[in-house]
Amino acid sequence: MAEDETFLDEADRSILNRIQSDFPIISRPYLEIARETGLTEQEVIDRVRRLKESGIIRRIGGNFVPGALGYVSTLCAASVPPEKLALFTEAVNRRPGVTHNYLRENTFNVWFTFIAPSMEEIEANLMAISAETGITEILNLPATRVFKIKAQFDV
């Protein structure tokens with residue numbers, strides 16, 4: 001079988017399981033992961049790079065409670081026709097406050113979260129997205145109560 005970009009071997013799985021919720025916050029995190037997985041530091045770096053480039057890893061970074069940092073957050077939902085999905089999601093993904101987006105089977109089919117220093121900034125970005133894409137049905141559903149779930153996937 002030819003090796004596919006998205007093929008995950010046991011080492012890839014081990015790395016993915018390790019970094020999801022407990023990424024080492026030290027000067028050489030990949031060396032620590034290498035020690036735990038039996039790989040070299042460079043092998044871990046190369047594998048993480050490949051997993052990122054193939055889209056298996058979306059991002060590596062911290063998650064923070066927006067309100068504790070003086071930020072606001074909102075969930076947005078947009079009604080986007082299929083022919084405008086690529087244009088719309090590209091416009092949304094360019095905004096630094098967007099943490100993720102996903103498709104749903106619904107009239108409002110593109111959902112995304114937005115975090116910013118103020119609701120005015122979020123609203124200005126939503127208006128800019130609308131102007132850029134022609135999509136006018138975008139719901140802004142500000143968080144009134146936060147529920148956090150831990151999304152840890154055993155790979």
# chains A, B, ... in the order shown; residues from 1 in each chain; ligands from 1
$ residues_around --residues "Glu105 of chain A" --least-positions-apart "3" --cutoff "12 Å" --atoms "only C-alpha atoms" --output "list in words"
Ala77, Ala78, Ser79, Val80, Pro81, Pro82, Tyr102, Phe108, Asn109, Val110 and Trp111 of chain A
$ write_last_selection --atoms "N, CA, C and O atoms" --output "JSON list (two decimals), in the first residue's frame"
[["chain", "number", "residue", "atom", "x", "y", "z"],
["A", 77, "ALA", "N", -24.17, 32.21, 13.02],
["A", 77, "ALA", "CA", -24.71, 31.24, 12.07],
["A", 77, "ALA", "C", -25.11, 32.01, 10.82],
["A", 77, "ALA", "O", -25.72, 33.07, 10.91],
["A", 78, "ALA", "N", -24.74, 31.47, 9.67],
["A", 78, "ALA", "CA", -25.04, 32.14, 8.41],
["A", 78, "ALA", "C", -25.73, 31.18, 7.45],
["A", 78, "ALA", "O", -25.47, 29.98, 7.45],
["A", 79, "SER", "N", -26.59, 31.76, 6.65],
["A", 79, "SER", "CA", -27.26, 31.00, 5.60],
["A", 79, "SER", "C", -26.52, 31.27, 4.29],
["A", 79, "SER", "O", -26.60, 32.36, 3.73],
["A", 80, "VAL", "N", -25.76, 30.26, 3.86],
["A", 80, "VAL", "CA", -24.86, 30.44, 2.72],
["A", 80, "VAL", "C", -25.20, 29.43, 1.62],
["A", 80, "VAL", "O", -25.16, 28.23, 1.86],
["A", 81, "PRO", "N", -25.53, 29.92, 0.42],
["A", 81, "PRO", "CA", -25.80, 28.97, -0.67],
["A", 81, "PRO", "C", -24.52, 28.21, -1.05],
["A", 81, "PRO", "O", -23.41, 28.74, -0.89],
["A", 82, "PRO", "N", -24.67, 26.99, -1.54],
["A", 82, "PRO", "CA", -23.50, 26.15, -1.85],
["A", 82, "PRO", "C", -22.46, 26.84, -2.73],
["A", 82, "PRO", "O", -21.26, 26.68, -2.51],
["A", 102, "TYR", "N", -17.82, 25.52, 11.10],
["A", 102, "TYR", "CA", -18.22, 24.19, 10.64],
["A", 102, "TYR", "C", -19.53, 24.28, 9.88],
["A", 102, "TYR", "O", -20.30, 25.22, 10.04],
["A", 108, "PHE", "N", -29.41, 27.66, 8.21],
["A", 108, "PHE", "CA", -28.19, 28.33, 8.67],
["A", 108, "PHE", "C", -27.12, 27.24, 8.72],
["A", 108, "PHE", "O", -27.02, 26.48, 9.67],
["A", 109, "ASN", "N", -26.34, 27.17, 7.65],
["A", 109, "ASN", "CA", -25.46, 26.02, 7.43],
["A", 109, "ASN", "C", -23.99, 26.25, 7.79],
["A", 109, "ASN", "O", -23.23, 25.31, 7.89],
["A", 110, "VAL", "N", -23.57, 27.50, 7.99],
["A", 110, "VAL", "CA", -22.20, 27.77, 8.40],
["A", 110, "VAL", "C", -22.24, 28.41, 9.79],
["A", 110, "VAL", "O", -22.85, 29.47, 9.97],
["A", 111, "TRP", "N", -21.60, 27.76, 10.74],
["A", 111, "TRP", "CA", -21.57, 28.24, 12.11],
["A", 111, "TRP", "C", -20.11, 28.52, 12.47],
["A", 111, "TRP", "O", -19.21, 27.78, 12.06]]
$ closest_residue --among "A:Glu53, A:Arg28, A:Arg18, A:Pro142" --to "Glu41 of chain A" --atoms "only C-alpha atoms"
A:Arg28
